[in-house]
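Structure file final38.tsv (TSV, C-alpha atoms) is printed below.
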chain	number	residue	atom	x	y	z
A	32	MET	CA	8.40	-22.53	32.59
A	33	SER	CA	6.60	-19.72	30.83
A	34	GLY	CA	7.01	-19.37	27.08
A	35	PHE	CA	7.00	-15.58	27.37
A	36	THR	CA	10.28	-14.21	26.06
A	37	GLY	CA	9.74	-10.58	26.99
A	38	SER	CA	9.79	-9.53	23.34
A	39	PRO	CA	6.58	-8.65	21.50
A	40	ARG	CA	5.74	-10.56	18.36
A	41	LEU	CA	6.86	-8.52	15.37
A	42	VAL	CA	4.14	-7.88	12.82
A	43	LYS	CA	5.46	-7.20	9.32
A	44	GLY	CA	3.83	-4.59	7.13
A	45	GLY	CA	3.48	-5.04	3.41
A	46	ILE	CA	1.27	-5.28	0.35
A	47	VAL	CA	-1.15	-8.01	-0.67
A	48	VAL	CA	-2.01	-8.44	-4.35
A	49	ALA	CA	-5.49	-9.92	-4.70
A	50	ASP	CA	-7.97	-10.75	-7.42
A	51	ALA	CA	-10.12	-7.65	-7.91
A	52	SER	CA	-13.35	-9.66	-8.13
A	53	THR	CA	-12.94	-12.35	-5.48
A	54	LEU	CA	-10.16	-11.01	-3.21
A	55	ALA	CA	-8.35	-14.32	-3.71
A	56	ILE	CA	-4.72	-13.66	-2.78
A	57	ARG	CA	-2.26	-13.76	-5.69
A	58	SER	CA	0.89	-12.72	-3.87
A	59	VAL	CA	2.09	-11.22	-0.61
A	60	ILE	CA	4.90	-8.65	-0.50
A	61	THR	CA	6.26	-8.47	3.04
A	62	LEU	CA	8.62	-5.66	3.92
A	63	GLN	CA	11.96	-7.11	5.02
A	64	TYR	CA	12.30	-4.44	7.70
A	65	ASN	CA	9.44	-2.28	8.91
A	66	PRO	CA	10.25	1.38	8.20
A	67	ASP	CA	10.70	3.65	11.20
A	68	THR	CA	8.50	6.33	9.60
A	69	VAL	CA	5.30	6.26	7.57
A	70	THR	CA	4.05	9.59	6.26
A	71	ARG	CA	0.29	10.02	5.86
A	72	ASN	CA	-1.62	12.87	4.27
A	73	LEU	CA	-5.39	13.35	4.30
A	74	GLN	CA	-7.05	15.97	2.11
A	75	ALA	CA	-10.66	16.69	2.97
A	76	GLN	CA	-13.22	16.78	0.17
A	77	GLY	CA	-15.57	19.64	0.86
A	78	ALA	CA	-17.54	22.29	-0.93
A	79	ALA	CA	-15.68	24.22	-3.61
A	80	ALA	CA	-14.71	27.85	-3.12
A	81	GLY	CA	-17.65	30.14	-3.79
A	82	ALA	CA	-20.25	27.53	-2.91
A	83	HIS	CA	-23.36	28.55	-1.02
A	84	HIS	CA	-22.84	29.00	2.72
A	85	SER	CA	-25.22	26.13	3.38
A	86	GLU	CA	-22.56	23.83	1.88
A	87	ALA	CA	-19.70	25.08	4.08
A	88	LEU	CA	-19.88	22.21	6.56
A	89	ARG	CA	-20.59	19.42	4.10
A	90	LEU	CA	-18.08	16.72	3.19
A	91	THR	CA	-18.62	15.63	-0.39
A	92	GLY	CA	-16.79	12.32	-0.05
A	93	PRO	CA	-14.07	10.42	1.80
A	94	ALA	CA	-10.79	12.23	2.34
A	95	ILE	CA	-8.08	11.67	-0.24
A	96	GLU	CA	-5.46	9.79	1.76
A	97	THR	CA	-1.90	9.02	0.74
A	98	PHE	CA	0.94	7.09	2.33
A	99	LYS	CA	4.69	7.51	1.81
A	100	ILE	CA	6.88	4.60	2.84
A	101	ASP	CA	10.65	4.27	2.72
A	102	ALA	CA	11.89	0.71	3.18
A	103	GLU	CA	15.29	-0.97	3.11
A	104	LEU	CA	16.17	-4.28	1.47
A	105	ASP	CA	19.34	-6.22	2.19
A	106	ALA	CA	20.38	-9.57	0.76
A	107	THR	CA	22.82	-10.27	3.62
A	108	ASP	CA	20.34	-12.18	5.77
A	109	ALA	CA	19.39	-14.49	2.90
A	110	LEU	CA	23.02	-15.13	1.98
A	111	GLU	CA	23.64	-16.56	5.44
A	112	HIS	CA	21.53	-19.53	4.31
A	113	PRO	CA	22.46	-19.98	0.62
A	114	ASP	CA	20.90	-23.43	0.35
A	115	GLN	CA	17.49	-21.95	1.18
A	116	ASN	CA	17.85	-18.83	-0.96
A	117	ALA	CA	19.21	-19.91	-4.32
A	118	ALA	CA	17.50	-17.05	-6.18
A	119	THR	CA	19.15	-14.43	-3.95
A	120	VAL	CA	22.55	-16.09	-4.35
A	121	GLU	CA	22.16	-15.96	-8.14
A	122	LEU	CA	20.35	-12.64	-8.60
A	123	GLY	CA	20.68	-10.66	-5.38
A	124	LEU	CA	17.67	-8.42	-4.77
A	125	LEU	CA	16.45	-8.50	-8.39
A	126	PRO	CA	13.58	-10.96	-7.62
A	127	ALA	CA	12.38	-8.90	-4.63
A	128	LEU	CA	12.54	-5.66	-6.59
A	129	ALA	CA	10.80	-7.25	-9.58
A	130	VAL	CA	7.82	-8.15	-7.39
A	131	LEU	CA	7.48	-4.50	-6.38
A	132	GLU	CA	7.99	-3.27	-9.95
A	133	ALA	CA	5.15	-5.52	-11.09
A	134	LEU	CA	2.81	-3.26	-9.10
A	135	VAL	CA	3.32	-0.43	-11.59
A	136	ASN	CA	3.73	-2.37	-14.85
A	137	PRO	CA	1.22	-4.27	-16.98
A	138	ARG	CA	2.16	-7.83	-17.84
A	139	ALA	CA	4.23	-8.30	-20.99
A	140	ALA	CA	1.66	-10.81	-22.26
A	141	ASP	CA	-1.09	-8.19	-22.01
A	142	LEU	CA	0.99	-5.66	-23.97
A	143	VAL	CA	1.66	-8.21	-26.69
A	144	ALA	CA	-2.04	-9.18	-26.83
A	145	ASN	CA	-3.09	-5.54	-27.21
A	146	ASP	CA	-0.53	-5.01	-29.97
A	147	GLN	CA	-1.90	-8.02	-31.83
A	148	LEU	CA	-5.44	-6.68	-31.49
A	149	ALA	CA	-4.32	-3.28	-32.78
A	150	GLN	CA	-2.68	-4.89	-35.81
A	151	ALA	CA	-5.89	-6.84	-36.43
A	152	GLY	CA	-7.79	-3.55	-36.69
A	153	VAL	CA	-9.52	-3.43	-33.33
A	154	ILE	CA	-10.46	0.22	-32.86
A	155	GLU	CA	-10.87	0.38	-29.09
A	156	LEU	CA	-8.42	-1.47	-26.85
A	157	VAL	CA	-9.48	-2.01	-23.26
A	158	PRO	CA	-6.57	-2.25	-20.82
A	159	ALA	CA	-6.40	-5.56	-19.03
A	160	PRO	CA	-7.86	-5.32	-15.51
A	161	ALA	CA	-5.17	-5.05	-12.88
A	162	PRO	CA	-5.31	-6.94	-9.60
A	163	LEU	CA	-6.27	-5.15	-6.41
A	164	THR	CA	-3.37	-3.85	-4.34
A	165	VAL	CA	-4.03	-3.87	-0.59
A	166	PHE	CA	-1.79	-2.06	1.89
A	167	VAL	CA	-1.52	-3.87	5.22
A	168	TRP	CA	-0.04	-2.00	8.17
A	169	GLY	CA	-1.05	-4.19	11.06
A	170	PRO	CA	-4.48	-5.77	11.60
A	171	GLN	CA	-6.14	-2.37	12.10
A	172	ARG	CA	-5.04	-0.83	8.80
A	173	ILE	CA	-6.00	-2.86	5.76
A	174	MET	CA	-7.01	-0.74	2.79
A	175	PRO	CA	-7.04	-0.83	-1.02
A	176	VAL	CA	-4.45	1.39	-2.65
A	177	ARG	CA	-2.94	2.42	-5.94
A	178	VAL	CA	0.83	2.81	-6.24
A	179	THR	CA	1.34	6.40	-7.40
A	180	ASP	CA	5.11	6.62	-7.41
A	181	PHE	CA	7.99	4.28	-6.85
A	182	SER	CA	11.72	4.91	-6.65
A	183	ILE	CA	14.68	2.67	-5.91
A	184	VAL	CA	18.21	3.50	-4.81
A	185	GLU	CA	20.60	0.56	-5.25
A	186	ASP	CA	23.81	1.05	-3.33
A	187	ALA	CA	25.70	-2.27	-3.24
A	188	PHE	CA	26.29	-4.88	-5.95
A	189	ASP	CA	27.74	-8.35	-6.34
A	190	PRO	CA	30.40	-9.14	-9.02
A	191	ALA	CA	27.61	-9.69	-11.60
A	192	LEU	CA	26.17	-6.22	-10.74
A	193	ASN	CA	23.07	-7.64	-9.07
A	194	PRO	CA	21.88	-5.25	-6.34
A	195	MET	CA	22.56	-6.47	-2.79
A	196	ARG	CA	21.26	-3.47	-0.85
A	197	ALA	CA	18.50	-1.09	-1.86
A	198	ARG	CA	16.25	1.63	-0.49
A	199	VAL	CA	12.73	1.73	-1.85
A	200	SER	CA	10.31	4.65	-1.64
A	201	LEU	CA	6.63	3.90	-2.27
A	202	GLY	CA	3.81	6.41	-2.69
A	203	LEU	CA	0.33	4.95	-2.15
A	204	ARG	CA	-3.11	6.50	-2.62
A	205	VAL	CA	-6.00	4.91	-0.77
A	206	LEU	CA	-8.85	3.89	-3.08
A	207	THR	CA	-12.27	4.73	-1.65
A	208	VAL	CA	-15.85	3.92	-2.57
A	209	ASP	CA	-15.70	6.99	-4.81
A	210	ASP	CA	-13.03	5.19	-6.85
A	211	LEU	CA	-14.25	1.60	-6.69
A	212	GLY	CA	-17.95	1.78	-5.88
A	213	HIS	CA	-19.82	0.27	-2.95
A	214	GLN	CA	-20.29	-3.13	-4.60
A	215	HIS	CA	-16.60	-3.69	-5.38
A	216	PRO	CA	-14.72	-5.92	-2.91
A	217	GLY	CA	-12.12	-3.16	-2.58
A	218	GLY	CA	-14.87	-0.70	-1.71
A	219	ALA	CA	-15.95	-3.04	1.09
A	220	LEU	CA	-12.35	-3.12	2.34
A	221	PHE	CA	-12.27	0.67	2.44
A	222	LEU	CA	-15.55	0.87	4.33
A	223	GLY	CA	-14.23	-1.66	6.83
A	224	ALA	CA	-11.12	0.48	7.40
A	225	LEU	CA	-13.28	3.59	7.82
A	226	GLN	CA	-15.53	1.83	10.34
A	227	ARG	CA	-12.51	0.70	12.35
A	228	ARG	CA	-11.34	4.31	12.53
A	229	GLU	CA	-14.74	5.39	13.77
A	230	ARG	CA	-14.58	2.76	16.52
A	231	HIS	CA	-11.08	3.92	17.46
A	232	ALA	CA	-12.31	7.51	17.64
A	233	GLY	CA	-15.12	6.40	19.95
A	234	ARG	CA	-12.55	4.99	22.38
A	235	ALA	CA	-10.44	8.15	22.54
A	236	GLY	CA	-10.61	9.81	25.92
A	237	ALA	CA	-11.62	13.49	25.79
A	238	PRO	CA	-10.76	15.91	28.63
A	239	GLY	CA	-13.79	18.05	27.83
A	240	LEU	CA	-14.27	21.75	27.27
A	241	SER	CA	-13.13	22.61	30.80
A	242	ALA	CA	-9.56	21.69	29.78
A	243	MET	CA	-9.78	24.43	27.16
A	244	GLY	CA	-10.91	26.99	29.71
A	245	ILE	CA	-14.43	27.33	28.37
A	246	GLY	CA	-17.75	26.15	29.71
A	247	GLY	CA	-19.62	25.62	26.48
A	248	LEU	CA	-20.28	26.78	22.96
A	249	ARG	CA	-23.02	29.36	22.58
Would it be possible to restate this file's structure as C-alpha cells?
Amino acid sequence: MSGFTGSPRLVKGGIVVADASTLAIRSVITLQYNPDTVTRNLQAQGAAAGAHHSEALRLTGPAIETFKIDAELDATDALEHPDQNAATVELGLLPALAVLEALVNPRAADLVANDQLAQAGVIELVPAPAPLTVFVWGPQRIMPVRVTDFSIVEDAFDPALNPMRARVSLGLRVLTVDDLGHQHPGGALFLGALQRRERHAGRAGAPGLSAMGIGGLR
C-alpha cells in the first residue's frame, strides 16, 4: 500500500534567530498558521534625480525589499492537549507573543549593564550586538531581515486575562550586503537568496518579442 495520502506536506514559514557571527541557531519562531497573503515591496536603488545621463541605467545597489505579514495565533489547539502544553494552559499566548516581542527589544540584562556603565562614568556606550533575524518562507526564500514594525491585536482572553487569540502584523526589511557587508554571514545569506532568484529568472519561459507584435528593437 502506498504511503501517499494525496495531501502535500505543509511547510511552515517563520523566523530563525541565529548568532550573528556563526549562524548558530538560537531559536526558531514557527508561524502557527501560514498567512494567506504576504505583501512584498521592492524599491530600486538607482541614480539620483539630476544625475548625468550616463548613470540613468545604473543600479547603485540591491533593491530595498520589505515584507508585510499578518498571522493568526490561537491557543485552542494547544489546550486540546493540556498535559503537553502547560505554559499555554497557565499563560495563554503570552509565551508565544513574548518570543516575537523579543525581536524588537534589547535584553533587560543588557539595559541594566549599560546603566551601570553609565553610572560608572563610561562616556560612550556601545549597544549590545543583536542576533541575526532570518526570515524563512520555504526553502527558496531564506534571507536576513530587520523587524521594522510589529503590532498585535488580542481579541480573546481567559479568566486571568491572558490572551487566547491574537492577530500579529510584522513588517520586515531585508538586510543586504550594503547593510551587513560581504564578509558577514548574513551578507552571504542575502547573496545566496539573490543567486536563487537569478536561477529562477533563468528558468522563466519567455514568449519572445513576437508576442508583443514587434520584430525587434532598433
### Message
Around the point (-2.7, 10.7, 4.1) (coordinates from the file), which residues reach within 10 Å if we count only C-alpha atoms? Answer as a PyMOL selection string.
### Response
chain A and resi 69-74+94-99+203-205
### Summary
Restricting to only C-alpha atoms, whichever of A:Asp50, A:Asp114, A:Asp180, A:Asp108 is closest to Glu132 in chain A is A:Asp180
### Message
Show me, as a list in words, the residues that have an atom within 12 Å of range 136-146 of chain A when counting all atoms listed in the file, minus same-chain residues fewer than 6 positions from it.
### Response
Ala129, Val130, Gly152, Val153, Ile154, Glu155, Leu156, Val157, Pro158, Ala159, Pro160, Ala161, Pro162, Val178, Thr179, Asp180 and Phe181 of chain A
### Query
Which polymer residues, protein or nucleic acid, are no farther than 8 Å from (-0.8, -5.4, -4.1), counting only C-alpha atoms, as a list in words?
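Nearby residues: Ile46, Val47, Val48, Ala49, Ser58, Val59, Ile60, Leu134, Pro162, Leu163, Thr164, Val165, Phe166 and Val176 of chain A.
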Give the padded box for range 213-228 of chain A as lines of an AutoDock Vina configuration file: axis-aligned, covering all atoms listed in the file, 6 Å on each side, centre and edge lengths in Å to one decimal.
center_x = -15.7
center_y = -0.8
center_z = 3.6
size_x = 21.2
size_y = 22.2
size_z = 29.9
### Task
Would you kindly return, as a PyMOL selection string, each protein, DNA or RNA residue with an atom no farther than 8 Å from any atom of Glu103 in chain A, considering all atoms listed in the file and excluding same-chain residues fewer than 2 positions away?
chain A and resi 63-64+66+101+105+196-199
May I have a table of the residues of range 93-192 of chain A lying at most 8 Å from range 216-223 of chain A, giving each one's closest pair of atoms and their distance in Å to one decimal, counting all atoms listed in the file, ordered by chain and ascending residue number, as a Markdown table?
| residue | atom | partner | partner_atom | distance |
| --- | --- | --- | --- | --- |
| A:Leu163 | CA | A:Gly217 | CA | 7.3 |
| A:Ile173 | CA | A:Leu220 | CA | 7.2 |
| A:Met174 | CA | A:Phe221 | CA | 5.5 |
| A:Pro175 | CA | A:Gly217 | CA | 5.8 |
### Task
Please identify all polymer residues within 12 Å of Gly169 in chain A, counting all atoms listed in the file, omitting same-chain residues fewer than 3 positions from it, and present them as a ChimeraX atom specification.
/A:40-46,61,65,166,172-174,224
May I have the residues from that selection written out with C-alpha atoms, as a JSON list (two decimals), in the coordinates of the input?
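Written output follows (out_16.json):
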[["chain", "number", "residue", "atom", "x", "y", "z"],
["A", 40, "ARG", "CA", 5.74, -10.56, 18.36],
["A", 41, "LEU", "CA", 6.86, -8.52, 15.37],
["A", 42, "VAL", "CA", 4.14, -7.88, 12.82],
["A", 43, "LYS", "CA", 5.46, -7.20, 9.32],
["A", 44, "GLY", "CA", 3.83, -4.59, 7.13],
["A", 45, "GLY", "CA", 3.48, -5.04, 3.41],
["A", 46, "ILE", "CA", 1.27, -5.28, 0.35],
["A", 61, "THR", "CA", 6.26, -8.47, 3.04],
["A", 65, "ASN", "CA", 9.44, -2.28, 8.91],
["A", 166, "PHE", "CA", -1.79, -2.06, 1.89],
["A", 172, "ARG", "CA", -5.04, -0.83, 8.80],
["A", 173, "ILE", "CA", -6.00, -2.86, 5.76],
["A", 174, "MET", "CA", -7.01, -0.74, 2.79],
["A", 224, "ALA", "CA", -11.12, 0.48, 7.40]]
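Using all atoms listed in the file, the shortest contact distance between Leu201 in chain A and any of A:Leu128, A:Pro170, A:Ile183, A:Asp67 is found at A:Ile183.
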### Task
Could you tell me how far CA of Thr68 in chain A lies from CA of Gly123 in chain A, in Å and to one decimal?
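If I compute the distance from CA of Thr68 in chain A to CA of Gly123 in chain A, I get 25.7 Å.
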### Query
Interatomic distance between CA of Pro93 in chain A and CA of Thr207 in chain A?
6.9 Å
### Query
How many Å lie between CA of Pro113 in chain A and CA of Arg57 in chain A, rounded to one decimal?
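Result for CA of Pro113 in chain A versus CA of Arg57 in chain A: 26.3 Å, one decimal.
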Show which residues sit within 7 Å of Ala106 in chain A, as an mmCIF file with C-alpha atoms, keeping the file's coordinate frame. Count all atoms listed in the file, and ignore same-chain residues fewer than 3 positions away.
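Result file selection32.cif:
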data_model
loop_
_atom_site.group_PDB
_atom_site.id
_atom_site.type_symbol
_atom_site.label_atom_id
_atom_site.label_comp_id
_atom_site.auth_asym_id
_atom_site.auth_seq_id
_atom_site.Cartn_x
_atom_site.Cartn_y
_atom_site.Cartn_z
ATOM 1 C CA ALA A 109 19.390 -14.490 2.900
ATOM 2 C CA LEU A 110 23.020 -15.130 1.980
ATOM 3 C CA THR A 119 19.150 -14.430 -3.950
ATOM 4 C CA GLY A 123 20.680 -10.660 -5.380
ATOM 5 C CA LEU A 124 17.670 -8.420 -4.770
ATOM 6 C CA MET A 195 22.560 -6.470 -2.790
ATOM 7 C CA ARG A 196 21.260 -3.470 -0.850
#
### Message
With distances taken over only C-alpha atoms, which residue among A:Ala79, A:Ala87, A:Ile56, A:Leu104 lies nearest Asp186 in chain A?
### Response
A:Leu104
